[in-house]
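Some notes on the structure that comes next.
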Amino acid sequence: MTDSPPRARFSICLVEDAEGRLLFLKRAPDRVIGPDQWGFPAGHIEEGETPEECARRELREEIGLQHQLAEQSRLGPRRDSLFGGIYEVHLFHYRWLEGTVEINHEHTDHRWIGAADYRGLPVMRGVDEDIRLLDIWPLERLHLEHVPIALGGLAVPPPRL
């Protein structure tokens with residue numbers, strides 16, 4: 001990793017419902033980062049904003065105001081492991097209590113996905129690592145080729161049978 005200041009700082013929100021499913025948002029095709037891929041509510045931490053304030057702002061902006069959440073855990077700051085440590089990441093794990101999801105213009109769809117249905121979902125880089133770091137789902141349910149070795153992943157994708 002690096003000792004230099006991060007190029008950007010992010011808050012990433014993993015929202016889990018009572019059934020153990022995670023809320024995924026599908027990025028719009030015009031998005032620069034992760035077009036047409038599934039990810040979590042997340043965004044850049046703005047100047048003067050704390051990671052927690054950013055997480056709450058991103059949740060309001062990306063899934064609306066009509067919901068209640070309870071924070072379960074958080075992790076960070078930590079440097080990314082997929083982009084050479086140039087980004088600072090703060091992870092927030094929330095429990096969905098009630099409400100509705102109202103996606104914004106950055107997204108085209110949302111889904112609650114359980115671990116058993118996750119493997120075929122085209123997700124943004126880093127999603128598997130985020131799930132693993134917060135220990136939400138078992139390792140065998142993740143895209144192992146996307147989880148760094150230090151987190152129990154594989155160096156190369158497993159052979160296809």
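Chain labels follow the order of the structure tokens: the first chain is A, the next B, and so on; residue numbering restarts at 1 in every chain, and ligands are counted from 1 in their shown order.
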
Which residues are close to A:Asp3, i.e. within 12 Å by only C-alpha atoms, leaving aside same-chain residues fewer than 4 positions away? Reply as a PDB file with N, CA, C and O atoms, in the first residue's frame.
```pdb
ATOM      1  N   ARG A   7      -6.172   9.365  -2.836  1.00  0.00           N
ATOM      2  CA  ARG A   7      -6.648  10.124  -3.995  1.00  0.00           C
ATOM      3  C   ARG A   7      -8.117  10.524  -3.803  1.00  0.00           C
ATOM      4  O   ARG A   7      -8.540  11.581  -4.246  1.00  0.00           O
ATOM      5  N   ARG A  78      -9.683   2.324   5.869  1.00  0.00           N
ATOM      6  CA  ARG A  78      -8.746   1.346   5.350  1.00  0.00           C
ATOM      7  C   ARG A  78      -8.468   1.695   3.900  1.00  0.00           C
ATOM      8  O   ARG A  78      -9.296   2.306   3.244  1.00  0.00           O
ATOM      9  N   ARG A  79      -7.308   1.314   3.439  1.00  0.00           N
ATOM     10  CA  ARG A  79      -6.955   1.546   2.046  1.00  0.00           C
ATOM     11  C   ARG A  79      -7.484   0.398   1.201  1.00  0.00           C
ATOM     12  O   ARG A  79      -7.544  -0.743   1.652  1.00  0.00           O
ATOM     13  N   GLY A  84      -4.395  -0.500  -5.688  1.00  0.00           N
ATOM     14  CA  GLY A  84      -3.076  -0.098  -5.240  1.00  0.00           C
ATOM     15  C   GLY A  84      -3.045   0.768  -4.008  1.00  0.00           C
ATOM     16  O   GLY A  84      -2.058   1.441  -3.724  1.00  0.00           O
ATOM     17  N   GLY A  85      -4.132   0.771  -3.243  1.00  0.00           N
ATOM     18  CA  GLY A  85      -4.160   1.524  -2.000  1.00  0.00           C
ATOM     19  C   GLY A  85      -4.306   3.023  -2.162  1.00  0.00           C
ATOM     20  O   GLY A  85      -4.024   3.773  -1.233  1.00  0.00           O
ATOM     21  N   ILE A  86      -4.804   3.477  -3.306  1.00  0.00           N
ATOM     22  CA  ILE A  86      -4.926   4.920  -3.540  1.00  0.00           C
ATOM     23  C   ILE A  86      -6.208   5.514  -2.966  1.00  0.00           C
ATOM     24  O   ILE A  86      -6.342   6.725  -2.877  1.00  0.00           O
ATOM     25  N   TYR A  87      -7.149   4.656  -2.571  1.00  0.00           N
ATOM     26  CA  TYR A  87      -8.420   5.139  -2.033  1.00  0.00           C
ATOM     27  C   TYR A  87      -8.572   4.770  -0.563  1.00  0.00           C
ATOM     28  O   TYR A  87      -8.119   3.709  -0.142  1.00  0.00           O
ATOM     29  N   GLU A  88      -9.225   5.634   0.176  1.00  0.00           N
ATOM     30  CA  GLU A  88      -9.585   5.358   1.568  1.00  0.00           C
ATOM     31  C   GLU A  88     -11.054   4.965   1.580  1.00  0.00           C
ATOM     32  O   GLU A  88     -11.887   5.655   0.992  1.00  0.00           O
TER      33      GLU A  88
END
```

Those of chain A in DSSP alpha helix (DSSP H), formatted as a list in words:
Pro51, Glu52, Glu53, Cys54, Ala55, Arg56, Arg57, Glu58, Leu59, Arg60, Glu61, Glu62, Ile63, Val127, Asp128, Glu129, Asp130, Ile131, Arg132 and Leu133 of chain A

Based on the selection just made, write N, CA and C atoms of those residues as a short mmCIF file (atom, residue, chain, number, x, y, z; two decimals), in the first residue's frame.
```cif
data_model
loop_
_atom_site.label_atom_id
_atom_site.label_comp_id
_atom_site.auth_asym_id
_atom_site.auth_seq_id
_atom_site.Cartn_x
_atom_site.Cartn_y
_atom_site.Cartn_z
N PRO A 51 -17.04 10.51 7.43
CA PRO A 51 -17.50 9.31 6.74
C PRO A 51 -18.95 8.95 7.08
N GLU A 52 -19.34 9.11 8.33
CA GLU A 52 -20.71 8.81 8.73
C GLU A 52 -21.71 9.77 8.07
N GLU A 53 -21.37 11.05 8.02
CA GLU A 53 -22.25 12.03 7.35
C GLU A 53 -22.38 11.70 5.87
N CYS A 54 -21.29 11.28 5.25
CA CYS A 54 -21.33 10.89 3.85
C CYS A 54 -22.24 9.67 3.65
N ALA A 55 -22.11 8.68 4.51
CA ALA A 55 -22.93 7.47 4.39
C ALA A 55 -24.42 7.84 4.48
N ARG A 56 -24.78 8.67 5.44
CA ARG A 56 -26.18 9.06 5.58
C ARG A 56 -26.66 9.87 4.37
N ARG A 57 -25.80 10.76 3.87
CA ARG A 57 -26.16 11.56 2.68
C ARG A 57 -26.36 10.67 1.47
N GLU A 58 -25.45 9.73 1.26
CA GLU A 58 -25.56 8.84 0.10
C GLU A 58 -26.82 7.98 0.19
N LEU A 59 -27.15 7.52 1.38
CA LEU A 59 -28.40 6.75 1.54
C LEU A 59 -29.61 7.60 1.18
N ARG A 60 -29.64 8.85 1.65
CA ARG A 60 -30.76 9.74 1.30
C ARG A 60 -30.84 9.96 -0.20
N GLU A 61 -29.70 10.24 -0.81
CA GLU A 61 -29.66 10.56 -2.24
C GLU A 61 -29.99 9.34 -3.11
N GLU A 62 -29.50 8.17 -2.73
CA GLU A 62 -29.60 7.02 -3.61
C GLU A 62 -30.78 6.10 -3.36
N ILE A 63 -31.32 6.10 -2.13
CA ILE A 63 -32.48 5.23 -1.88
C ILE A 63 -33.65 5.99 -1.26
N VAL A 127 -17.11 -5.12 -4.39
CA VAL A 127 -18.32 -5.55 -3.67
C VAL A 127 -18.06 -6.80 -2.86
N ASP A 128 -17.40 -7.79 -3.47
CA ASP A 128 -17.12 -9.04 -2.75
C ASP A 128 -16.22 -8.80 -1.55
N GLU A 129 -15.23 -7.94 -1.73
CA GLU A 129 -14.34 -7.62 -0.62
C GLU A 129 -15.09 -6.93 0.51
N ASP A 130 -16.00 -6.02 0.17
CA ASP A 130 -16.79 -5.32 1.20
C ASP A 130 -17.62 -6.31 2.02
N ILE A 131 -18.28 -7.23 1.33
CA ILE A 131 -19.09 -8.25 2.02
C ILE A 131 -18.21 -9.10 2.93
N ARG A 132 -17.04 -9.46 2.43
CA ARG A 132 -16.12 -10.30 3.21
C ARG A 132 -15.57 -9.56 4.42
N LEU A 133 -15.17 -8.31 4.22
CA LEU A 133 -14.60 -7.54 5.33
C LEU A 133 -15.58 -7.38 6.48
#
```

Quick check, in Å to one decimal: how far apart do atom CA of A:Arg125 and atom CA of A:Arg141 lie?
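Between these atoms lies a distance of 16.0 Å.
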
Spatial neighbours of A:Val101, max dist 12 Å, only C-alpha atoms, sep filter under 5 positions, as a PyMOL selection string:
chain A and resi 15+23-25+41+59-69+96+107+109-112

Nearby residues (only C-alpha atoms) at most 10 Å from A:Ala18, same-chain spacing under 6 positions excluded, as number ranges by chain
A: 95-98

Interatomic distance (Å, one decimal) between atom CA of A:Arg9 and atom CA of A:Ile45
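Value for the atom CA of A:Arg9-atom CA of A:Ile45 distance: 5.4 Å.
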
Which of these residues is nearest to A:Gly20, using only C-alpha atoms: A:Gly39, A:Pro138, A:Pro122, A:Pro77?
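Distance minimum relative to A:Gly20 lands on A:Pro138.
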
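If you look at atom CA of A:Arg74 and atom CA of A:Glu106, they are 24.6 Å away from each other.
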
Min atom-atom distance to A:Cys13 from the set A:Leu75, A:Ala28, A:Leu142, A:Leu121, counting only C-alpha atoms, belongs to A:Leu75

Kindly indicate which residue among A:Arg119, A:Leu82, A:Gly126, A:Glu47 lies nearest to A:His143, using only C-alpha atoms for the distances.
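Of the candidates, the smallest distance to A:His143 is held by A:Arg119.
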
Name all residues at most 9 Å from A:Pro35 (count only C-alpha atoms; drop same-chain ones fewer than 5 positions away) and give them as a PyMOL selection string.
chain A and resi 26-30+124

Output C-alpha atoms for every residue in that selection, as an mmCIF file, in the first residue's frame.
```cif
data_model
loop_
_atom_site.group_PDB
_atom_site.id
_atom_site.type_symbol
_atom_site.label_atom_id
_atom_site.label_comp_id
_atom_site.auth_asym_id
_atom_site.auth_seq_id
_atom_site.Cartn_x
_atom_site.Cartn_y
_atom_site.Cartn_z
ATOM 1 C CA LYS A 26 -27.944 -1.235 -10.545
ATOM 2 C CA ARG A 27 -25.840 1.618 -11.895
ATOM 3 C CA ALA A 28 -27.244 3.482 -14.906
ATOM 4 C CA PRO A 29 -25.509 2.836 -18.264
ATOM 5 C CA ASP A 30 -24.215 6.441 -18.415
ATOM 6 C CA MET A 124 -18.774 -3.654 -9.306
#
```
